[in-house]
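Visitor: Could you have a look at this structure, given as structure tokens, before my questions?
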There are 2 protein chains.
Amino acid sequence: MENRYFSVRADRLRLPDGGIKDPYYVIERTDAAIIFPLTADGEIVLVSQYRPPLEMTELGLPAGLVEEGESPEKAARRELSEETGYTGGEWESLGSVASSPSLKDNWAYLFLARGVEVTTAPDPDDHELMEVIRVPVEELLSLVHSGKIVSSSGVAAIMLALERLRQAP
Amino acid sequence: MENRYFSVRADRLRLPDGGIKDPYYVIERTDAAIIFPLTADGEIVLVSQYRPPLEMTELGLPAGLVEEGESPEKAARRELSEETGYTGGEWESLGSVASSPSLKDNWAYLFLARGVEVTTAPDPDDHELMEVIRVPVEELLSLVHSGKIVSSSGVAAIMLALERLRQAP
């Protein structure tokens, strides 16, 4: 099975104990980039977006797929600009995580961007309906705990960014 | 497409702006439970497991799928016992996260279990080859930062648990 969003591969897997798992399904999907965008006045730029699989509107960090030939940071800067109109700032990597290690082969690259500014109008993809929302960084944890922010990669990025900001404000 | 691990559903999606996305693919998958198991002497019980989609051995929190009719906490206690042989302790919820909000419909329920003890032999599923590893809680962050622990839901659970332990030691 293959479509523009993912493809499914069936492997014949030989396990270290000699057992065979056939088929072992792997969902192949493009890598993603996720941005923790902090403004000079201590706010985080979030996007609110309807998520059909969860049947809910999710509040989350700007994020998107890495395009062919693009570095994760370039994709992150492009997605931040397209989704929110924010650009610039000082960037650093927060590492990478895998959203479904037993099922999917893709990675999410996490970035902290300090000092982003709105310089352009958002230019989302067709039908990518999202609202841009600024939230004081102090309020992020309560949005996680109250279930408004639910993406596991997004929560990982938020918690790693908050830890980084505590270490190196 | 349907198998014992997931099924793929094709929806016709009407968007708030009147646009139509057809097909919108949703991967249906069983919910999961993830446990942050802390022993009385300040160690975390981790499992090391080969992940075919990532072609790497991943170190991570014990976790598994919630079975039909099971509560997330019951599944978490069962998986912890099956994967590691550890049981007991004081349990609290750390909330839930979604590993792929734009693609998958499943949730991971996160638990902090303080004071777990080894009381039985691990009894993993067929071919679920894993090694149990105890790590001092202070070393967890460096395992995340060095890319040894990569699951986004697992990293989210670890960071939320460490935050909880700071607030309520």
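In the structure tokens, the first chain shown is A, the next is B, and so on; residue numbers restart at 1 for each chain, and ligands run from 1 in the order shown.
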Using only C-alpha atoms and a distance of at most 9 Å, pull out the residues of chain A that contact chain B, as a PyMOL selection string.

Guide: chain A and resi 1+5+13+15-17+19-21+24-28+50-55+58+94-108+126-127+129+144-147+149-160+163

Visitor: I need the strand (DSSP E or B) residues of range 3-164 of chain A per DSSP on the backbone, written as a PDB file with N, CA, C and O atoms, in the first residue's frame.

Guide:
ATOM      1  N   SER A   7       3.716   4.886   3.129  1.00  0.00           N
ATOM      2  CA  SER A   7       3.570   3.610   2.436  1.00  0.00           C
ATOM      3  C   SER A   7       3.799   2.494   3.451  1.00  0.00           C
ATOM      4  O   SER A   7       4.437   2.702   4.491  1.00  0.00           O
ATOM      5  N   VAL A   8       3.239   1.342   3.172  1.00  0.00           N
ATOM      6  CA  VAL A   8       3.344   0.209   4.084  1.00  0.00           C
ATOM      7  C   VAL A   8       4.195  -0.864   3.417  1.00  0.00           C
ATOM      8  O   VAL A   8       3.955  -1.248   2.277  1.00  0.00           O
ATOM      9  N   ARG A   9       5.221  -1.307   4.145  1.00  0.00           N
ATOM     10  CA  ARG A   9       6.149  -2.313   3.649  1.00  0.00           C
ATOM     11  C   ARG A   9       5.974  -3.566   4.507  1.00  0.00           C
ATOM     12  O   ARG A   9       5.804  -3.472   5.721  1.00  0.00           O
ATOM     13  N   ALA A  10       5.982  -4.739   3.883  1.00  0.00           N
ATOM     14  CA  ALA A  10       5.906  -5.996   4.639  1.00  0.00           C
ATOM     15  C   ALA A  10       7.267  -6.679   4.564  1.00  0.00           C
ATOM     16  O   ALA A  10       7.717  -7.075   3.493  1.00  0.00           O
ATOM     17  N   ASP A  11       7.928  -6.782   5.707  1.00  0.00           N
ATOM     18  CA  ASP A  11       9.245  -7.411   5.759  1.00  0.00           C
ATOM     19  C   ASP A  11       9.138  -8.845   6.263  1.00  0.00           C
ATOM     20  O   ASP A  11       8.205  -9.199   6.991  1.00  0.00           O
ATOM     21  N   ARG A  12      10.115  -9.647   5.895  1.00  0.00           N
ATOM     22  CA  ARG A  12      10.312 -10.946   6.545  1.00  0.00           C
ATOM     23  C   ARG A  12      11.469 -10.751   7.510  1.00  0.00           C
ATOM     24  O   ARG A  12      12.590 -10.477   7.094  1.00  0.00           O
ATOM     25  N   LEU A  13      11.157 -10.848   8.797  1.00  0.00           N
ATOM     26  CA  LEU A  13      12.128 -10.464   9.808  1.00  0.00           C
ATOM     27  C   LEU A  13      12.694 -11.695  10.497  1.00  0.00           C
ATOM     28  O   LEU A  13      11.960 -12.522  11.021  1.00  0.00           O
ATOM     29  N   ARG A  14      14.019 -11.828  10.489  1.00  0.00           N
ATOM     30  CA  ARG A  14      14.664 -12.909  11.242  1.00  0.00           C
ATOM     31  C   ARG A  14      15.127 -12.332  12.576  1.00  0.00           C
ATOM     32  O   ARG A  14      15.899 -11.385  12.624  1.00  0.00           O
ATOM     33  N   ILE A  20      11.086 -16.223  13.210  1.00  0.00           N
ATOM     34  CA  ILE A  20      10.786 -15.444  12.009  1.00  0.00           C
ATOM     35  C   ILE A  20       9.471 -14.703  12.244  1.00  0.00           C
ATOM     36  O   ILE A  20       8.507 -15.279  12.751  1.00  0.00           O
ATOM     37  N   LYS A  21       9.447 -13.424  11.918  1.00  0.00           N
ATOM     38  CA  LYS A  21       8.187 -12.678  11.936  1.00  0.00           C
ATOM     39  C   LYS A  21       7.910 -12.285  10.492  1.00  0.00           C
ATOM     40  O   LYS A  21       8.644 -11.507   9.899  1.00  0.00           O
ATOM     41  N   ASP A  22       6.855 -12.880   9.935  1.00  0.00           N
ATOM     42  CA  ASP A  22       6.588 -12.651   8.513  1.00  0.00           C
ATOM     43  C   ASP A  22       5.076 -12.624   8.319  1.00  0.00           C
ATOM     44  O   ASP A  22       4.435 -13.661   8.472  1.00  0.00           O
ATOM     45  N   PRO A  23       4.446 -11.529   8.008  1.00  0.00           N
ATOM     46  CA  PRO A  23       5.081 -10.239   7.732  1.00  0.00           C
ATOM     47  C   PRO A  23       5.296  -9.406   8.988  1.00  0.00           C
ATOM     48  O   PRO A  23       4.545  -9.505   9.945  1.00  0.00           O
ATOM     49  N   TYR A  24       6.349  -8.579   8.954  1.00  0.00           N
ATOM     50  CA  TYR A  24       6.496  -7.491   9.921  1.00  0.00           C
ATOM     51  C   TYR A  24       6.230  -6.212   9.129  1.00  0.00           C
ATOM     52  O   TYR A  24       6.968  -5.888   8.199  1.00  0.00           O
ATOM     53  N   TYR A  25       5.147  -5.508   9.491  1.00  0.00           N
ATOM     54  CA  TYR A  25       4.764  -4.320   8.732  1.00  0.00           C
ATOM     55  C   TYR A  25       5.516  -3.089   9.229  1.00  0.00           C
ATOM     56  O   TYR A  25       5.591  -2.838  10.433  1.00  0.00           O
ATOM     57  N   VAL A  26       6.055  -2.340   8.294  1.00  0.00           N
ATOM     58  CA  VAL A  26       6.704  -1.065   8.601  1.00  0.00           C
ATOM     59  C   VAL A  26       5.997   0.031   7.809  1.00  0.00           C
ATOM     60  O   VAL A  26       5.820  -0.092   6.588  1.00  0.00           O
ATOM     61  N   ILE A  27       5.563   1.073   8.510  1.00  0.00           N
ATOM     62  CA  ILE A  27       4.976   2.236   7.832  1.00  0.00           C
ATOM     63  C   ILE A  27       6.099   3.223   7.557  1.00  0.00           C
ATOM     64  O   ILE A  27       6.766   3.704   8.482  1.00  0.00           O
ATOM     65  N   GLU A  28       6.321   3.482   6.267  1.00  0.00           N
ATOM     66  CA  GLU A  28       7.373   4.414   5.863  1.00  0.00           C
ATOM     67  C   GLU A  28       6.755   5.798   5.710  1.00  0.00           C
ATOM     68  O   GLU A  28       5.763   5.968   5.000  1.00  0.00           O
ATOM     69  N   ALA A  32      10.012  14.583  10.025  1.00  0.00           N
ATOM     70  CA  ALA A  32       9.339  15.840  10.353  1.00  0.00           C
ATOM     71  C   ALA A  32      10.274  16.761  11.123  1.00  0.00           C
ATOM     72  O   ALA A  32      11.305  16.331  11.648  1.00  0.00           O
ATOM     73  N   ALA A  33       9.909  18.025  11.183  1.00  0.00           N
ATOM     74  CA  ALA A  33      10.643  19.007  11.984  1.00  0.00           C
ATOM     75  C   ALA A  33       9.635  19.716  12.875  1.00  0.00           C
ATOM     76  O   ALA A  33       8.520  20.022  12.442  1.00  0.00           O
ATOM     77  N   ILE A  34      10.018  19.935  14.131  1.00  0.00           N
ATOM     78  CA  ILE A  34       9.132  20.558  15.114  1.00  0.00           C
ATOM     79  C   ILE A  34       9.888  21.720  15.753  1.00  0.00           C
ATOM     80  O   ILE A  34      11.054  21.579  16.119  1.00  0.00           O
ATOM     81  N   ILE A  35       9.210  22.847  15.889  1.00  0.00           N
ATOM     82  CA  ILE A  35       9.887  24.063  16.351  1.00  0.00           C
ATOM     83  C   ILE A  35       9.260  24.589  17.646  1.00  0.00           C
ATOM     84  O   ILE A  35       8.029  24.697  17.746  1.00  0.00           O
ATOM     85  N   PHE A  36      10.118  24.937  18.605  1.00  0.00           N
ATOM     86  CA  PHE A  36       9.706  25.623  19.834  1.00  0.00           C
ATOM     87  C   PHE A  36      10.092  27.086  19.632  1.00  0.00           C
ATOM     88  O   PHE A  36      11.253  27.460  19.857  1.00  0.00           O
ATOM     89  N   PRO A  37       9.153  27.938  19.156  1.00  0.00           N
ATOM     90  CA  PRO A  37       9.511  29.303  18.754  1.00  0.00           C
ATOM     91  C   PRO A  37       9.215  30.291  19.885  1.00  0.00           C
ATOM     92  O   PRO A  37       8.071  30.559  20.217  1.00  0.00           O
ATOM     93  N   LEU A  38      10.287  30.838  20.435  1.00  0.00           N
ATOM     94  CA  LEU A  38      10.192  31.751  21.584  1.00  0.00           C
ATOM     95  C   LEU A  38      10.408  33.182  21.093  1.00  0.00           C
ATOM     96  O   LEU A  38      11.400  33.467  20.417  1.00  0.00           O
ATOM     97  N   THR A  39       9.496  34.068  21.440  1.00  0.00           N
ATOM     98  CA  THR A  39       9.657  35.475  21.051  1.00  0.00           C
ATOM     99  C   THR A  39      10.509  36.204  22.093  1.00  0.00           C
ATOM    100  O   THR A  39      10.733  35.702  23.195  1.00  0.00           O
ATOM    101  N   GLU A  43       7.055  34.739  24.803  1.00  0.00           N
ATOM    102  CA  GLU A  43       5.875  33.985  24.395  1.00  0.00           C
ATOM    103  C   GLU A  43       6.260  32.893  23.397  1.00  0.00           C
ATOM    104  O   GLU A  43       7.254  33.009  22.684  1.00  0.00           O
ATOM    105  N   ILE A  44       5.440  31.832  23.371  1.00  0.00           N
ATOM    106  CA  ILE A  44       5.636  30.745  22.425  1.00  0.00           C
ATOM    107  C   ILE A  44       4.553  30.867  21.359  1.00  0.00           C
ATOM    108  O   ILE A  44       3.395  31.139  21.669  1.00  0.00           O
ATOM    109  N   VAL A  45       4.951  30.656  20.100  1.00  0.00           N
ATOM    110  CA  VAL A  45       4.011  30.722  18.988  1.00  0.00           C
ATOM    111  C   VAL A  45       3.479  29.309  18.723  1.00  0.00           C
ATOM    112  O   VAL A  45       4.238  28.420  18.324  1.00  0.00           O
ATOM    113  N   LEU A  46       2.196  29.100  18.982  1.00  0.00           N
ATOM    114  CA  LEU A  46       1.580  27.788  18.792  1.00  0.00           C
ATOM    115  C   LEU A  46       0.587  27.842  17.625  1.00  0.00           C
ATOM    116  O   LEU A  46       0.184  28.921  17.192  1.00  0.00           O
ATOM    117  N   VAL A  47       0.206  26.680  17.148  1.00  0.00           N
ATOM    118  CA  VAL A  47      -0.852  26.610  16.137  1.00  0.00           C
ATOM    119  C   VAL A  47      -1.961  25.685  16.654  1.00  0.00           C
ATOM    120  O   VAL A  47      -1.711  24.700  17.339  1.00  0.00           O
ATOM    121  N   SER A  48      -3.173  26.056  16.298  1.00  0.00           N
ATOM    122  CA  SER A  48      -4.343  25.276  16.678  1.00  0.00           C
ATOM    123  C   SER A  48      -4.908  24.682  15.391  1.00  0.00           C
ATOM    124  O   SER A  48      -5.081  25.380  14.399  1.00  0.00           O
ATOM    125  N   GLN A  49      -5.188  23.386  15.402  1.00  0.00           N
ATOM    126  CA  GLN A  49      -5.464  22.680  14.154  1.00  0.00           C
ATOM    127  C   GLN A  49      -6.371  21.482  14.440  1.00  0.00           C
ATOM    128  O   GLN A  49      -6.158  20.763  15.416  1.00  0.00           O
ATOM    129  N   TYR A  50      -7.344  21.251  13.566  1.00  0.00           N
ATOM    130  CA  TYR A  50      -8.220  20.091  13.752  1.00  0.00           C
ATOM    131  C   TYR A  50      -7.486  18.823  13.314  1.00  0.00           C
ATOM    132  O   TYR A  50      -6.867  18.786  12.258  1.00  0.00           O
ATOM    133  N   ARG A  51      -7.558  17.769  14.134  1.00  0.00           N
ATOM    134  CA  ARG A  51      -6.892  16.507  13.842  1.00  0.00           C
ATOM    135  C   ARG A  51      -7.931  15.416  13.627  1.00  0.00           C
ATOM    136  O   ARG A  51      -8.476  14.872  14.599  1.00  0.00           O
ATOM    137  N   MET A  56     -10.407  15.944  17.314  1.00  0.00           N
ATOM    138  CA  MET A  56     -10.268  17.075  18.241  1.00  0.00           C
ATOM    139  C   MET A  56      -9.379  18.155  17.621  1.00  0.00           C
ATOM    140  O   MET A  56      -8.611  17.895  16.698  1.00  0.00           O
ATOM    141  N   THR A  57      -9.533  19.359  18.149  1.00  0.00           N
ATOM    142  CA  THR A  57      -8.640  20.446  17.764  1.00  0.00           C
ATOM    143  C   THR A  57      -7.453  20.430  18.706  1.00  0.00           C
ATOM    144  O   THR A  57      -7.618  20.460  19.923  1.00  0.00           O
ATOM    145  N   GLU A  58      -6.292  20.349  18.111  1.00  0.00           N
ATOM    146  CA  GLU A  58      -5.057  20.209  18.891  1.00  0.00           C
ATOM    147  C   GLU A  58      -4.292  21.516  18.887  1.00  0.00           C
ATOM    148  O   GLU A  58      -4.150  22.166  17.853  1.00  0.00           O
ATOM    149  N   LEU A  59      -3.797  21.897  20.036  1.00  0.00           N
ATOM    150  CA  LEU A  59      -2.904  23.040  20.142  1.00  0.00           C
ATOM    151  C   LEU A  59      -1.490  22.462  20.148  1.00  0.00           C
ATOM    152  O   LEU A  59      -1.227  21.493  20.874  1.00  0.00           O
ATOM    153  N   GLY A  60      -0.598  23.016  19.332  1.00  0.00           N
ATOM    154  CA  GLY A  60       0.719  22.394  19.298  1.00  0.00           C
ATOM    155  C   GLY A  60       1.784  23.304  18.738  1.00  0.00           C
ATOM    156  O   GLY A  60       1.518  24.433  18.304  1.00  0.00           O
ATOM    157  N   ALA A  63       5.034  22.628  13.042  1.00  0.00           N
ATOM    158  CA  ALA A  63       5.738  21.407  12.622  1.00  0.00           C
ATOM    159  C   ALA A  63       5.354  21.070  11.195  1.00  0.00           C
ATOM    160  O   ALA A  63       4.327  21.523  10.699  1.00  0.00           O
ATOM    161  N   GLY A  64       6.184  20.269  10.559  1.00  0.00           N
ATOM    162  CA  GLY A  64       5.840  19.843   9.207  1.00  0.00           C
ATOM    163  C   GLY A  64       6.841  18.841   8.694  1.00  0.00           C
ATOM    164  O   GLY A  64       7.821  18.519   9.374  1.00  0.00           O
ATOM    165  N   LEU A  65       6.576  18.348   7.497  1.00  0.00           N
ATOM    166  CA  LEU A  65       7.426  17.309   6.931  1.00  0.00           C
ATOM    167  C   LEU A  65       8.662  17.904   6.275  1.00  0.00           C
ATOM    168  O   LEU A  65       8.614  18.983   5.688  1.00  0.00           O
ATOM    169  N   TYR A  86       6.324  33.696  11.372  1.00  0.00           N
ATOM    170  CA  TYR A  86       7.478  34.036  12.214  1.00  0.00           C
ATOM    171  C   TYR A  86       8.772  33.509  11.580  1.00  0.00           C
ATOM    172  O   TYR A  86       8.809  32.390  11.050  1.00  0.00           O
ATOM    173  N   THR A  87       9.810  34.331  11.661  1.00  0.00           N
ATOM    174  CA  THR A  87      11.114  33.942  11.097  1.00  0.00           C
ATOM    175  C   THR A  87      12.222  34.443  12.033  1.00  0.00           C
ATOM    176  O   THR A  87      11.952  35.076  13.045  1.00  0.00           O
ATOM    177  N   GLU A  90      17.657  32.851  17.026  1.00  0.00           N
ATOM    178  CA  GLU A  90      18.823  31.988  17.235  1.00  0.00           C
ATOM    179  C   GLU A  90      18.334  30.557  17.386  1.00  0.00           C
ATOM    180  O   GLU A  90      17.516  30.275  18.265  1.00  0.00           O
ATOM    181  N   TRP A  91      18.878  29.663  16.554  1.00  0.00           N
ATOM    182  CA  TRP A  91      18.374  28.281  16.529  1.00  0.00           C
ATOM    183  C   TRP A  91      19.361  27.304  17.154  1.00  0.00           C
ATOM    184  O   TRP A  91      20.564  27.434  16.986  1.00  0.00           O
ATOM    185  N   GLU A  92      18.820  26.311  17.847  1.00  0.00           N
ATOM    186  CA  GLU A  92      19.652  25.186  18.275  1.00  0.00           C
ATOM    187  C   GLU A  92      18.841  23.897  18.226  1.00  0.00           C
ATOM    188  O   GLU A  92      17.609  23.905  18.345  1.00  0.00           O
ATOM    189  N   SER A  93      19.539  22.792  18.016  1.00  0.00           N
ATOM    190  CA  SER A  93      18.883  21.488  17.959  1.00  0.00           C
ATOM    191  C   SER A  93      18.591  20.974  19.367  1.00  0.00           C
ATOM    192  O   SER A  93      19.382  21.144  20.289  1.00  0.00           O
ATOM    193  N   LEU A  94      17.431  20.346  19.515  1.00  0.00           N
ATOM    194  CA  LEU A  94      17.092  19.646  20.765  1.00  0.00           C
ATOM    195  C   LEU A  94      17.105  18.137  20.558  1.00  0.00           C
ATOM    196  O   LEU A  94      16.543  17.386  21.343  1.00  0.00           O
ATOM    197  N   GLY A  95      17.736  17.680  19.476  1.00  0.00           N
ATOM    198  CA  GLY A  95      17.797  16.241  19.209  1.00  0.00           C
ATOM    199  C   GLY A  95      16.636  15.772  18.350  1.00  0.00           C
ATOM    200  O   GLY A  95      15.944  16.576  17.721  1.00  0.00           O
ATOM    201  N   SER A  96      16.442  14.468  18.318  1.00  0.00           N
ATOM    202  CA  SER A  96      15.370  13.911  17.496  1.00  0.00           C
ATOM    203  C   SER A  96      14.696  12.761  18.224  1.00  0.00           C
ATOM    204  O   SER A  96      15.303  12.096  19.063  1.00  0.00           O
ATOM    205  N   VAL A  97      13.426  12.533  17.913  1.00  0.00           N
ATOM    206  CA  VAL A  97      12.657  11.443  18.513  1.00  0.00           C
ATOM    207  C   VAL A  97      11.906  10.689  17.416  1.00  0.00           C
ATOM    208  O   VAL A  97      11.702  11.208  16.320  1.00  0.00           O
ATOM    209  N   ALA A  98      11.507   9.472  17.750  1.00  0.00           N
ATOM    210  CA  ALA A  98      10.756   8.630  16.804  1.00  0.00           C
ATOM    211  C   ALA A  98       9.363   8.410  17.389  1.00  0.00           C
ATOM    212  O   ALA A  98       9.224   7.977  18.528  1.00  0.00           O
ATOM    213  N   LYS A 104       6.724   2.743  12.758  1.00  0.00           N
ATOM    214  CA  LYS A 104       7.047   3.740  11.738  1.00  0.00           C
ATOM    215  C   LYS A 104       8.541   4.013  11.697  1.00  0.00           C
ATOM    216  O   LYS A 104       9.230   3.908  12.710  1.00  0.00           O
ATOM    217  N   TRP A 107      11.569  10.053  11.749  1.00  0.00           N
ATOM    218  CA  TRP A 107      12.096  10.817  12.873  1.00  0.00           C
ATOM    219  C   TRP A 107      11.495  12.211  12.885  1.00  0.00           C
ATOM    220  O   TRP A 107      11.171  12.763  11.841  1.00  0.00           O
ATOM    221  N   ALA A 108      11.415  12.777  14.082  1.00  0.00           N
ATOM    222  CA  ALA A 108      11.053  14.188  14.218  1.00  0.00           C
ATOM    223  C   ALA A 108      12.256  14.915  14.798  1.00  0.00           C
ATOM    224  O   ALA A 108      12.768  14.530  15.859  1.00  0.00           O
ATOM    225  N   TYR A 109      12.725  15.928  14.093  1.00  0.00           N
ATOM    226  CA  TYR A 109      13.873  16.726  14.524  1.00  0.00           C
ATOM    227  C   TYR A 109      13.347  17.947  15.277  1.00  0.00           C
ATOM    228  O   TYR A 109      12.493  18.668  14.757  1.00  0.00           O
ATOM    229  N   LEU A 110      13.870  18.142  16.477  1.00  0.00           N
ATOM    230  CA  LEU A 110      13.328  19.171  17.371  1.00  0.00           C
ATOM    231  C   LEU A 110      14.270  20.368  17.440  1.00  0.00           C
ATOM    232  O   LEU A 110      15.487  20.197  17.561  1.00  0.00           O
ATOM    233  N   PHE A 111      13.693  21.566  17.384  1.00  0.00           N
ATOM    234  CA  PHE A 111      14.502  22.791  17.407  1.00  0.00           C
ATOM    235  C   PHE A 111      13.949  23.795  18.403  1.00  0.00           C
ATOM    236  O   PHE A 111      12.730  23.955  18.534  1.00  0.00           O
ATOM    237  N   LEU A 112      14.875  24.471  19.055  1.00  0.00           N
ATOM    238  CA  LEU A 112      14.539  25.634  19.879  1.00  0.00           C
ATOM    239  C   LEU A 112      14.984  26.870  19.102  1.00  0.00           C
ATOM    240  O   LEU A 112      16.132  26.957  18.670  1.00  0.00           O
ATOM    241  N   ALA A 113      14.061  27.802  18.877  1.00  0.00           N
ATOM    242  CA  ALA A 113      14.376  29.048  18.167  1.00  0.00           C
ATOM    243  C   ALA A 113      14.040  30.207  19.098  1.00  0.00           C
ATOM    244  O   ALA A 113      12.877  30.406  19.449  1.00  0.00           O
ATOM    245  N   ARG A 114      15.085  30.939  19.523  1.00  0.00           N
ATOM    246  CA  ARG A 114      14.860  32.059  20.457  1.00  0.00           C
ATOM    247  C   ARG A 114      14.887  33.387  19.706  1.00  0.00           C
ATOM    248  O   ARG A 114      15.804  33.631  18.923  1.00  0.00           O
ATOM    249  N   GLY A 115      13.896  34.215  19.995  1.00  0.00           N
ATOM    250  CA  GLY A 115      13.891  35.559  19.404  1.00  0.00           C
ATOM    251  C   GLY A 115      13.238  35.624  18.035  1.00  0.00           C
ATOM    252  O   GLY A 115      13.566  36.501  17.236  1.00  0.00           O
ATOM    253  N   VAL A 116      12.306  34.724  17.755  1.00  0.00           N
ATOM    254  CA  VAL A 116      11.607  34.788  16.460  1.00  0.00           C
ATOM    255  C   VAL A 116      10.705  36.019  16.441  1.00  0.00           C
ATOM    256  O   VAL A 116      10.236  36.497  17.471  1.00  0.00           O
ATOM    257  N   GLU A 117      10.463  36.532  15.226  1.00  0.00           N
ATOM    258  CA  GLU A 117       9.617  37.711  15.033  1.00  0.00           C
ATOM    259  C   GLU A 117       8.673  37.475  13.868  1.00  0.00           C
ATOM    260  O   GLU A 117       9.032  36.815  12.901  1.00  0.00           O
ATOM    261  N   VAL A 118       7.496  38.079  13.937  1.00  0.00           N
ATOM    262  CA  VAL A 118       6.566  37.963  12.817  1.00  0.00           C
ATOM    263  C   VAL A 118       7.016  38.934  11.725  1.00  0.00           C
ATOM    264  O   VAL A 118       7.199  40.123  11.964  1.00  0.00           O
ATOM    265  N   MET A 130      -5.254  26.493  10.126  1.00  0.00           N
ATOM    266  CA  MET A 130      -4.716  26.605  11.472  1.00  0.00           C
ATOM    267  C   MET A 130      -4.796  28.032  11.948  1.00  0.00           C
ATOM    268  O   MET A 130      -4.788  28.980  11.171  1.00  0.00           O
ATOM    269  N   GLU A 131      -4.859  28.158  13.251  1.00  0.00           N
ATOM    270  CA  GLU A 131      -4.914  29.458  13.884  1.00  0.00           C
ATOM    271  C   GLU A 131      -3.617  29.616  14.667  1.00  0.00           C
ATOM    272  O   GLU A 131      -3.163  28.672  15.314  1.00  0.00           O
ATOM    273  N   VAL A 132      -3.012  30.798  14.587  1.00  0.00           N
ATOM    274  CA  VAL A 132      -1.766  31.054  15.307  1.00  0.00           C
ATOM    275  C   VAL A 132      -2.105  31.665  16.667  1.00  0.00           C
ATOM    276  O   VAL A 132      -2.894  32.612  16.744  1.00  0.00           O
ATOM    277  N   ILE A 133      -1.544  31.123  17.725  1.00  0.00           N
ATOM    278  CA  ILE A 133      -1.855  31.559  19.089  1.00  0.00           C
ATOM    279  C   ILE A 133      -0.553  31.751  19.854  1.00  0.00           C
ATOM    280  O   ILE A 133       0.295  30.858  19.874  1.00  0.00           O
ATOM    281  N   ARG A 134      -0.399  32.923  20.477  1.00  0.00           N
ATOM    282  CA  ARG A 134       0.796  33.165  21.309  1.00  0.00           C
ATOM    283  C   ARG A 134       0.447  32.936  22.776  1.00  0.00           C
ATOM    284  O   ARG A 134      -0.589  33.393  23.251  1.00  0.00           O
ATOM    285  N   VAL A 135       1.327  32.246  23.459  1.00  0.00           N
ATOM    286  CA  VAL A 135       1.077  31.869  24.857  1.00  0.00           C
ATOM    287  C   VAL A 135       2.342  32.160  25.661  1.00  0.00           C
ATOM    288  O   VAL A 135       3.440  31.824  25.216  1.00  0.00           O
ATOM    289  N   PRO A 136       2.215  32.782  26.836  1.00  0.00           N
ATOM    290  CA  PRO A 136       3.404  32.979  27.683  1.00  0.00           C
ATOM    291  C   PRO A 136       4.034  31.628  28.008  1.00  0.00           C
ATOM    292  O   PRO A 136       3.325  30.654  28.276  1.00  0.00           O
ATOM    293  N   SER A 151       0.305  16.034  21.253  1.00  0.00           N
ATOM    294  CA  SER A 151       1.260  15.315  20.402  1.00  0.00           C
ATOM    295  C   SER A 151       2.467  14.866  21.226  1.00  0.00           C
ATOM    296  O   SER A 151       3.117  15.667  21.898  1.00  0.00           O
TER     297      SER A 151
END

Visitor: According to DSSP computed on the backbone, where in chain A is there helix (DSSP H, G or I)? Give the residues as a ChimeraX atom specification.

Guide: /A:72-84,137-145,152-167

Visitor: Quick one: write out the picked residues with C-alpha atoms as a JSON list (two decimals), in the first residue's frame?

Guide:
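Saved to part07.json:
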[["chain", "number", "residue", "atom", "x", "y", "z"],
["A", 72, "PRO", "CA", 15.78, 19.34, 9.03],
["A", 73, "GLU", "CA", 16.63, 22.90, 10.14],
["A", 74, "LYS", "CA", 15.78, 24.35, 6.74],
["A", 75, "ALA", "CA", 12.45, 22.49, 6.83],
["A", 76, "ALA", "CA", 11.84, 23.77, 10.35],
["A", 77, "ARG", "CA", 12.49, 27.39, 9.33],
["A", 78, "ARG", "CA", 10.24, 27.00, 6.26],
["A", 79, "GLU", "CA", 7.40, 25.40, 8.20],
["A", 80, "LEU", "CA", 7.57, 28.02, 10.95],
["A", 81, "SER", "CA", 7.33, 30.78, 8.36],
["A", 82, "GLU", "CA", 4.54, 29.08, 6.36],
["A", 83, "GLU", "CA", 2.43, 28.16, 9.35],
["A", 84, "THR", "CA", 2.88, 31.27, 11.48],
["A", 137, "VAL", "CA", 6.05, 30.31, 28.15],
["A", 138, "GLU", "CA", 4.97, 29.91, 31.80],
["A", 139, "GLU", "CA", 1.55, 28.65, 30.66],
["A", 140, "LEU", "CA", 2.85, 25.81, 28.46],
["A", 141, "LEU", "CA", 3.03, 23.18, 31.18],
["A", 142, "SER", "CA", -0.58, 23.72, 32.20],
["A", 143, "LEU", "CA", -1.64, 23.32, 28.54],
["A", 144, "VAL", "CA", 0.16, 19.97, 28.50],
["A", 145, "HIS", "CA", -1.31, 18.84, 31.82],
["A", 152, "SER", "CA", 3.88, 13.08, 21.98],
["A", 153, "SER", "CA", 6.69, 14.57, 19.87],
["A", 154, "GLY", "CA", 5.40, 18.06, 20.66],
["A", 155, "VAL", "CA", 5.26, 17.35, 24.40],
["A", 156, "ALA", "CA", 8.78, 15.88, 24.22],
["A", 157, "ALA", "CA", 9.99, 19.03, 22.40],
["A", 158, "ILE", "CA", 8.29, 21.34, 24.92],
["A", 159, "MET", "CA", 9.71, 19.54, 27.93],
["A", 160, "LEU", "CA", 13.22, 19.39, 26.42],
["A", 161, "ALA", "CA", 13.05, 23.08, 25.47],
["A", 162, "LEU", "CA", 11.89, 24.11, 28.95],
["A", 163, "GLU", "CA", 14.73, 22.10, 30.46],
["A", 164, "ARG", "CA", 17.20, 23.78, 28.07],
["A", 165, "LEU", "CA", 15.86, 27.23, 28.92],
["A", 166, "ARG", "CA", 16.29, 26.50, 32.64],
["A", 167, "GLN", "CA", 19.91, 25.46, 32.04]]

Visitor: Any idea what the distance is between CA of Gly89 in chain A and CA of Ser71 in chain A?

Guide: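 Value for the CA of Gly89 in chain A-CA of Ser71 in chain A distance: 17.6 Å.
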
Visitor: Measure the distance from CA of Ala168 in chain B to CA of Ala168 in chain A in Å and round it to one decimal.

Guide: 24.2 Å
